[in-house]
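*Asks:* Following this line is work.txt, made up of compact mmCIF, C-alpha atoms:
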# COMPACT_ATOMS: atom_id res chain seq x y z
CA MET A 8 78.89 -66.43 -5.17
CA ALA A 9 77.82 -63.06 -6.61
CA GLY A 10 79.78 -63.77 -9.78
CA PHE A 11 78.58 -67.34 -10.33
CA HIS A 12 75.31 -68.49 -8.81
CA VAL A 13 72.79 -71.06 -9.93
CA MET A 14 70.79 -72.39 -7.01
CA ALA A 15 69.72 -68.95 -5.71
CA ASP A 16 70.09 -65.28 -6.60
CA ALA A 17 73.28 -63.23 -6.27
CA ARG A 18 72.61 -62.74 -2.54
CA GLY A 19 72.21 -66.46 -1.94
CA VAL A 20 68.48 -65.98 -1.32
CA HIS A 21 65.74 -68.20 -2.69
CA VAL A 22 62.81 -66.04 -3.78
CA GLN A 23 59.24 -66.94 -4.62
CA PRO A 24 57.79 -64.62 -7.26
CA VAL A 25 54.03 -64.25 -6.88
CA VAL A 26 52.03 -66.22 -9.45
CA ARG A 27 48.71 -64.91 -10.79
CA ARG A 28 45.71 -66.82 -12.03
CA ILE A 29 45.04 -66.27 -15.73
CA THR A 30 42.30 -67.07 -18.21
CA THR A 31 42.17 -68.07 -21.86
CA ALA A 32 41.77 -64.36 -22.63
CA ASP A 33 45.33 -63.87 -21.33
CA LEU A 34 46.56 -66.53 -23.74
CA SER A 35 44.91 -64.74 -26.64
CA ALA A 36 46.38 -61.43 -25.52
CA ALA A 37 49.88 -62.92 -25.17
CA LEU A 38 49.68 -64.40 -28.66
CA ARG A 39 48.39 -61.12 -30.12
CA LEU A 40 51.24 -59.18 -28.48
CA GLY A 41 53.69 -61.78 -29.76
CA VAL A 42 52.45 -61.16 -33.30
CA GLU A 43 52.79 -57.40 -32.75
CA ASP A 44 56.39 -57.83 -31.60
CA PHE A 45 57.12 -59.97 -34.63
CA TRP A 46 55.66 -57.46 -37.08
CA ALA A 47 57.50 -54.55 -35.47
CA LYS A 48 60.67 -55.67 -37.32
CA PRO A 49 59.84 -58.94 -39.05
CA SER A 50 63.00 -59.09 -41.16
CA HIS A 51 65.10 -59.31 -38.01
CA TYR A 52 62.92 -61.95 -36.46
CA VAL A 53 62.68 -64.06 -39.59
CA PHE A 54 66.48 -63.98 -39.71
CA LEU A 55 66.58 -65.36 -36.17
CA GLY A 56 63.77 -67.80 -36.89
CA LEU A 57 65.54 -69.23 -39.94
CA ILE A 58 67.97 -70.91 -37.57
CA TYR A 59 65.33 -73.49 -36.66
CA PRO A 60 64.18 -74.46 -40.18
CA VAL A 61 67.80 -74.82 -41.28
CA VAL A 62 68.62 -77.01 -38.29
CA GLY A 63 65.46 -79.03 -38.95
CA LEU A 64 66.41 -79.66 -42.56
CA ILE A 65 69.96 -80.65 -41.58
CA LEU A 66 68.65 -83.10 -38.98
CA THR A 67 66.13 -84.54 -41.43
CA GLN A 68 68.85 -85.01 -44.06
CA TRP A 69 71.07 -86.62 -41.45
CA THR A 70 68.40 -89.08 -40.33
CA SER A 71 67.61 -90.01 -43.94
CA GLY A 72 71.26 -90.50 -44.83
CA SER A 73 72.02 -92.40 -41.64
CA ASN A 74 69.15 -94.88 -41.97
CA ALA A 75 67.37 -93.20 -39.05
CA ILE A 76 64.15 -92.29 -40.87
CA GLN A 77 62.16 -93.41 -37.83
CA LEU A 78 63.60 -90.44 -35.91
CA ILE A 79 62.30 -87.72 -38.27
CA TYR A 80 59.00 -87.32 -36.41
CA PRO A 81 60.64 -87.39 -32.95
CA LEU A 82 63.07 -84.70 -34.14
CA MET A 83 60.22 -82.56 -35.44
CA SER A 84 58.20 -82.89 -32.25
CA GLY A 85 61.36 -82.41 -30.20
CA PHE A 86 61.39 -78.72 -31.19
CA ALA A 87 58.74 -78.26 -28.50
CA LEU A 88 61.18 -79.57 -25.89
CA VAL A 89 64.11 -77.28 -26.68
CA GLY A 90 61.98 -74.36 -27.92
CA PRO A 91 61.90 -72.49 -24.58
CA PHE A 92 65.71 -72.37 -24.53
CA ALA A 93 66.14 -71.79 -28.27
CA ALA A 94 63.87 -68.72 -28.14
CA ILE A 95 65.71 -66.95 -25.36
CA GLY A 96 67.04 -64.24 -27.67
CA LEU A 97 63.46 -63.45 -28.68
CA TYR A 98 62.45 -62.99 -25.04
CA GLU A 99 65.24 -60.44 -24.76
CA ILE A 100 63.97 -58.52 -27.79
CA SER A 101 60.45 -58.42 -26.35
CA ARG A 102 61.85 -57.26 -23.01
CA ARG A 103 63.77 -54.45 -24.69
CA ARG A 104 60.76 -53.40 -26.77
CA GLU A 105 58.64 -53.28 -23.63
CA LEU A 106 61.20 -50.93 -22.06
CA GLY A 107 61.39 -48.73 -25.18
CA MET A 108 64.97 -49.80 -25.93
CA ASN A 109 66.64 -50.59 -29.26
CA THR A 110 65.30 -53.90 -30.61
CA SER A 111 67.80 -54.64 -33.35
CA TRP A 112 68.30 -58.38 -33.83
CA ARG A 113 71.89 -57.96 -32.59
CA HIS A 114 70.50 -57.29 -29.13
CA ALA A 115 69.24 -60.87 -28.98
CA LEU A 116 72.87 -61.69 -28.21
CA ASP A 117 72.84 -59.40 -25.18
CA VAL A 118 71.59 -62.39 -23.21
CA ARG A 119 75.21 -63.43 -22.83
CA ARG A 120 75.78 -60.41 -20.55
CA SER A 121 72.94 -61.33 -18.20
CA PRO A 122 74.01 -62.15 -14.62
CA ALA A 123 71.62 -65.11 -14.84
CA VAL A 124 73.61 -66.82 -17.62
CA PRO A 125 74.77 -69.69 -15.34
CA SER A 126 71.17 -70.44 -14.34
CA ILE A 127 70.00 -70.12 -17.95
CA ALA A 128 72.75 -72.53 -19.04
CA VAL A 129 71.80 -75.08 -16.38
CA ILE A 130 68.12 -75.14 -17.38
CA GLY A 131 69.10 -75.14 -21.05
CA ALA A 132 71.31 -78.17 -20.46
CA MET A 133 68.39 -79.85 -18.71
CA LEU A 134 66.22 -79.33 -21.79
CA VAL A 135 68.90 -80.66 -24.12
CA ALA A 136 69.22 -83.73 -21.90
CA LEU A 137 65.44 -84.23 -22.02
CA PHE A 138 65.53 -83.87 -25.82
CA LEU A 139 68.23 -86.56 -26.12
CA LEU A 140 66.34 -88.79 -23.69
CA TRP A 141 63.21 -88.33 -25.81
CA LEU A 142 65.09 -89.44 -28.94
CA TYR A 143 66.46 -92.46 -27.06
CA THR A 144 62.96 -93.32 -25.84
CA ALA A 145 61.49 -92.97 -29.33
CA GLN A 146 64.20 -95.20 -30.79
CA SER A 147 63.67 -97.77 -28.04
CA ILE A 148 59.93 -97.91 -28.75
CA TYR A 149 60.64 -98.39 -32.47
CA THR A 150 63.23 -101.08 -31.82
CA GLY A 151 60.92 -102.90 -29.43
CA LEU A 152 58.26 -103.13 -32.15
CA PHE A 153 60.23 -103.42 -35.38
CA GLY A 154 63.64 -104.66 -34.29
CA ASN A 155 67.03 -103.19 -35.11
CA GLN A 156 66.49 -103.12 -38.86
CA PRO A 157 66.08 -99.48 -40.03
CA PRO A 158 63.33 -98.57 -42.53
CA ALA A 159 64.30 -99.09 -46.16
CA SER A 160 62.66 -95.87 -47.34
CA ILE A 161 60.45 -93.04 -46.14
CA GLY A 162 57.51 -94.29 -48.23
CA GLY A 163 57.85 -97.83 -46.93
CA PHE A 164 58.12 -96.61 -43.35
CA VAL A 165 54.99 -94.46 -43.67
CA ARG A 166 53.01 -97.38 -45.13
CA GLU A 167 54.16 -99.71 -42.36
CA VAL A 168 53.27 -97.20 -39.66
CA LEU A 169 49.81 -96.39 -41.03
CA MET A 170 48.74 -99.82 -42.27
CA THR A 171 49.93 -102.31 -39.66
CA GLY A 172 49.04 -103.04 -36.06
CA LYS A 173 52.63 -102.51 -34.97
CA GLY A 174 52.60 -99.17 -36.73
CA TRP A 175 49.54 -97.97 -34.82
CA THR A 176 51.09 -99.22 -31.59
CA LEU A 177 54.15 -97.14 -32.44
CA ILE A 178 51.96 -94.09 -32.99
CA LEU A 179 50.08 -94.51 -29.71
CA ALA A 180 53.09 -95.41 -27.57
CA GLY A 181 55.30 -92.76 -29.13
CA ASN A 182 52.78 -89.97 -28.70
CA ALA A 183 52.03 -91.07 -25.13
CA ALA A 184 55.73 -90.91 -24.28
CA GLY A 185 56.08 -87.59 -26.07
CA PHE A 186 53.14 -86.21 -24.09
CA VAL A 187 54.92 -87.05 -20.82
CA PHE A 188 58.08 -85.26 -21.96
CA ALA A 189 56.06 -82.24 -23.11
CA VAL A 190 54.27 -81.99 -19.75
CA VAL A 191 57.58 -82.11 -17.88
CA VAL A 192 59.04 -79.32 -20.02
CA LEU A 193 55.90 -77.19 -19.77
CA ALA A 194 55.72 -77.60 -16.01
CA THR A 195 59.37 -76.72 -15.42
CA THR A 196 60.13 -74.02 -17.99
CA VAL A 197 56.92 -72.28 -19.14
CA VAL A 198 58.09 -68.99 -17.56
CA ALA A 199 61.59 -69.97 -16.38
CA PHE A 200 63.71 -68.27 -19.05
CA PRO A 201 61.72 -65.01 -19.24
CA LEU A 202 61.84 -64.85 -15.43
CA LEU A 203 65.62 -65.25 -15.42
CA LEU A 204 66.03 -62.50 -18.00
CA ASP A 205 63.77 -60.23 -15.99
CA ARG A 206 65.25 -61.03 -12.56
CA ASP A 207 68.23 -63.11 -11.56
CA VAL A 208 66.40 -65.43 -9.15
CA GLY A 209 68.40 -68.62 -9.74
CA ALA A 210 67.53 -71.80 -11.59
CA VAL A 211 65.71 -73.49 -8.72
CA SER A 212 63.34 -70.55 -8.22
CA ALA A 213 62.74 -70.24 -11.98
CA ILE A 214 61.77 -73.91 -12.27
CA GLU A 215 59.69 -73.78 -9.12
CA THR A 216 57.86 -70.66 -10.31
CA SER A 217 57.02 -72.38 -13.60
CA ALA A 218 55.64 -75.36 -11.69
CA ARG A 219 53.52 -73.12 -9.47
CA ALA A 220 52.25 -71.23 -12.52
CA VAL A 221 51.09 -74.50 -14.09
CA MET A 222 49.49 -75.75 -10.87
CA ALA A 223 47.67 -72.44 -10.37
CA ASN A 224 46.44 -72.39 -13.98
CA PRO A 225 46.10 -76.02 -15.13
CA LEU A 226 43.54 -75.44 -17.90
CA PRO A 227 45.06 -72.28 -19.44
CA MET A 228 48.55 -73.82 -19.32
CA ALA A 229 47.31 -77.03 -20.90
CA LEU A 230 45.72 -74.99 -23.68
CA TRP A 231 48.95 -73.03 -24.07
CA GLY A 232 50.95 -76.24 -24.40
CA LEU A 233 48.49 -77.57 -26.96
CA LEU A 234 48.65 -74.31 -28.91
CA VAL A 235 52.44 -74.39 -28.98
CA ALA A 236 52.48 -78.02 -30.11
CA VAL A 237 49.95 -77.43 -32.90
CA LEU A 238 51.74 -74.33 -34.21
CA LEU A 239 55.10 -76.08 -34.17
CA VAL A 240 53.68 -79.03 -36.12
CA VAL A 241 52.06 -76.67 -38.65
CA GLY A 242 55.31 -74.74 -38.97
CA SER A 243 57.29 -77.95 -39.49
CA ILE A 244 55.15 -79.49 -42.22
CA PRO A 245 56.35 -77.39 -45.20
CA LEU A 246 60.01 -78.45 -44.84
CA PHE A 247 60.27 -76.58 -41.51
CA ALA A 248 59.94 -73.26 -43.36
CA GLY A 249 56.99 -72.14 -41.26
CA LEU A 250 59.15 -72.22 -38.14
CA ALA A 251 60.78 -69.00 -39.39
CA VAL A 252 57.54 -67.28 -38.40
CA VAL A 253 56.09 -69.63 -35.77
CA MET A 254 59.17 -69.69 -33.51
CA PRO A 255 59.58 -65.90 -33.27
CA VAL A 256 55.86 -65.36 -32.65
CA LEU A 257 55.78 -68.03 -29.94
CA GLY A 258 58.97 -66.67 -28.41
CA HIS A 259 57.57 -63.16 -28.11
CA ALA A 260 54.20 -64.48 -26.93
CA THR A 261 55.91 -66.47 -24.18
CA TRP A 262 57.43 -63.26 -22.82
CA HIS A 263 54.00 -61.64 -22.67
CA LEU A 264 52.52 -64.77 -21.08
CA TYR A 265 55.18 -64.49 -18.38
CA ARG A 266 54.19 -60.87 -17.76
CA ARG A 267 50.60 -61.94 -17.19
CA VAL A 268 51.39 -64.93 -15.01
CA VAL A 269 54.09 -63.54 -12.69
CA GLU A 270 53.70 -60.44 -10.52
CA PRO A 271 56.26 -57.62 -10.94
CA GLU A 272 59.39 -57.85 -8.81
CA ARG A 273 58.09 -55.59 -6.05
CA ALA A 274 55.54 -58.28 -5.19
CA GLN A 275 58.06 -61.08 -4.74
CA GLN A 276 58.20 -62.94 -1.46
CA ILE A 277 61.57 -63.91 0.02
CA ARG A 278 61.28 -67.35 1.51
CA ARG A 279 64.63 -68.42 2.95
CA PRO A 280 68.41 -68.09 2.49
CA MET A 281 70.11 -70.95 0.66
Please express what this file holds, its structure, as structure tokens.
*Replies:*
Amino acid sequence: MAGFHVMADARGVHVQPVVRRITTADLSAALRLGVEDFWAKPSHYVFLGLIYPVVGLILTQWTSGSNAIQLIYPLMSGFALVGPFAAIGLYEISRRRELGMNTSWRHALDVRRSPAVPSIAVIGAMLVALFLLWLYTAQSIYTGLFGNQPPASIGGFVREVLMTGKGWTLILAGNAAGFVFAVVVLATTVVAFPLLLDRDVGAVSAIETSARAVMANPLPMALWGLLVAVLLVVGSIPLFAGLAVVMPVLGHATWHLYRRVVEPERAQQIRRPM
């Protein structure tokens, strides 16, 4: 169990890290520290961040070429669902910088040596599954309103969405469904990955700690989720290019948010053996 553990830590113990109450000032501080981490070696972080714009462009090209234009917006908004997992290398860089260690971009790959890799993989797989379920939901909403016929062109699709009753229904229903998915991801992973990099507590404890953090700080966490969503949309608009900056900054800021929300390890409370 010490070599491969997911449900609990290496000792088979389920721990409950102590969650703090935070304010909007903590959100501002986390974002400011995230920007500082980014500017410490921006060339490295832009290199990492370019992964997301490139993937975005590939997916957009694929949807256009595959008569799946209606999925472009769900794909763009879906970055918010997989972002916590995709930014895990950035959490590692912030962690190393905090400890005064080398922060070369190559160290983002050091995550693979973490004893918590099985737990990280499990939660990552959960996010990928939620992302695919979101795309399926978005397609189902579109099909229910417009049928199985794909849009003829991007321009025609935009006009139909903005100038017809069915189009506005699509906007409202799609965004309502997307909001539900976003809340689920926020509630289960807002501090899960940074926690696992910091301490190998197991996937269940990481998800539970995220949920407790959200319940203890509903307004600040809601504002954080809104901030992330807005920045991701802004970063996606110019052909996803802005994500090369937005994703690294948000990744680093998430690490600092975790530091403000969760007490250091010495304050953890052991609840029960698994």
*Asks:* What does the distance between atom CA of A:Gly174 and atom CA of A:Leu88 come to in Å, to one decimal place?
*Replies:*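 One can read the atom CA of A:Gly174 to atom CA of A:Leu88 distance as 24.0 Å.
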*Asks:* Would you tabulate, counting all atoms listed in the file, all residues of stretch 100-198 of chain A that have an atom at most 9 Å from an atom of stretch 213-227 of chain A, showing the closest pair of atoms and their distance in Å to one decimal, sorted by chain then ascending number, as a Markdown table?
*Replies:*
| residue | atom | partner | partner_atom | distance |
| --- | --- | --- | --- | --- |
| A:Ser126 | CA | A:Ala213 | CA | 8.8 |
| A:Ile130 | CA | A:Ile214 | CA | 8.2 |
| A:Leu193 | CA | A:Ser217 | CA | 7.9 |
| A:Ala194 | CA | A:Ala218 | CA | 4.9 |
| A:Thr195 | CA | A:Ile214 | CA | 4.9 |
| A:Thr196 | CA | A:Ser217 | CA | 5.6 |
| A:Val197 | CA | A:Ser217 | CA | 5.5 |
| A:Val198 | CA | A:Ser217 | CA | 5.3 |
*Asks:* Show me, as an MDAnalysis selection string, the residues that have an atom within 10 Å of A:Gly258 when counting only C-alpha atoms, minus same-chain residues fewer than 4 positions from it.
*Replies:* chainID A and resid 38 41:42 44:45 56 90:101 201 253:254 262:264
*Asks:* So how many Å separate atom CA of A:Leu34 and atom CA of A:Val269, to one decimal?
*Replies:*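 Going from atom CA of A:Leu34 over to atom CA of A:Val269 covers 13.7 Å.
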*Asks:* Just to confirm, what's the straight-line distance from atom CA of A:Leu250 to atom CA of A:Phe86 in Å (one decimal)?
*Replies:*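 Taking atom CA of A:Leu250 and atom CA of A:Phe86, their separation equals 9.8 Å.
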*Asks:* So which one's closest to A:Ala199, A:Gly163, A:Gly85, A:Pro271, A:Gly131? Using only C-alpha atoms, please.
*Replies:*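 Of A:Gly163, A:Gly85, A:Pro271, A:Gly131, the one nearest A:Ala199, counting only C-alpha atoms, is A:Gly131.
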*Asks:* Write out as a ChimeraX atom specification each polymer residue whose atoms come within 8 Å of A:Asp33, counting all atoms listed in the file; drop sequence neighbours fewer than 3 positions from it.
*Replies:* /A:29-30,36-37,264,267
*Asks:* Counting only C-alpha atoms, which residue out of A:Val235, A:Val89, A:Leu78, A:Leu116 sits closest to A:Tyr143?
*Replies:*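 Among A:Val235, A:Val89, A:Leu78, A:Leu116, it is A:Leu78 that comes nearest to A:Tyr143.
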*Asks:* Return the single residue from A:Asn109, A:Thr150, A:Thr144, A:Ser160 that is closest to A:Lys173, with distances computed using all atoms listed in the file.
*Replies:*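 Looking only at the distances to A:Lys173, the closest residue turns out to be A:Thr150.
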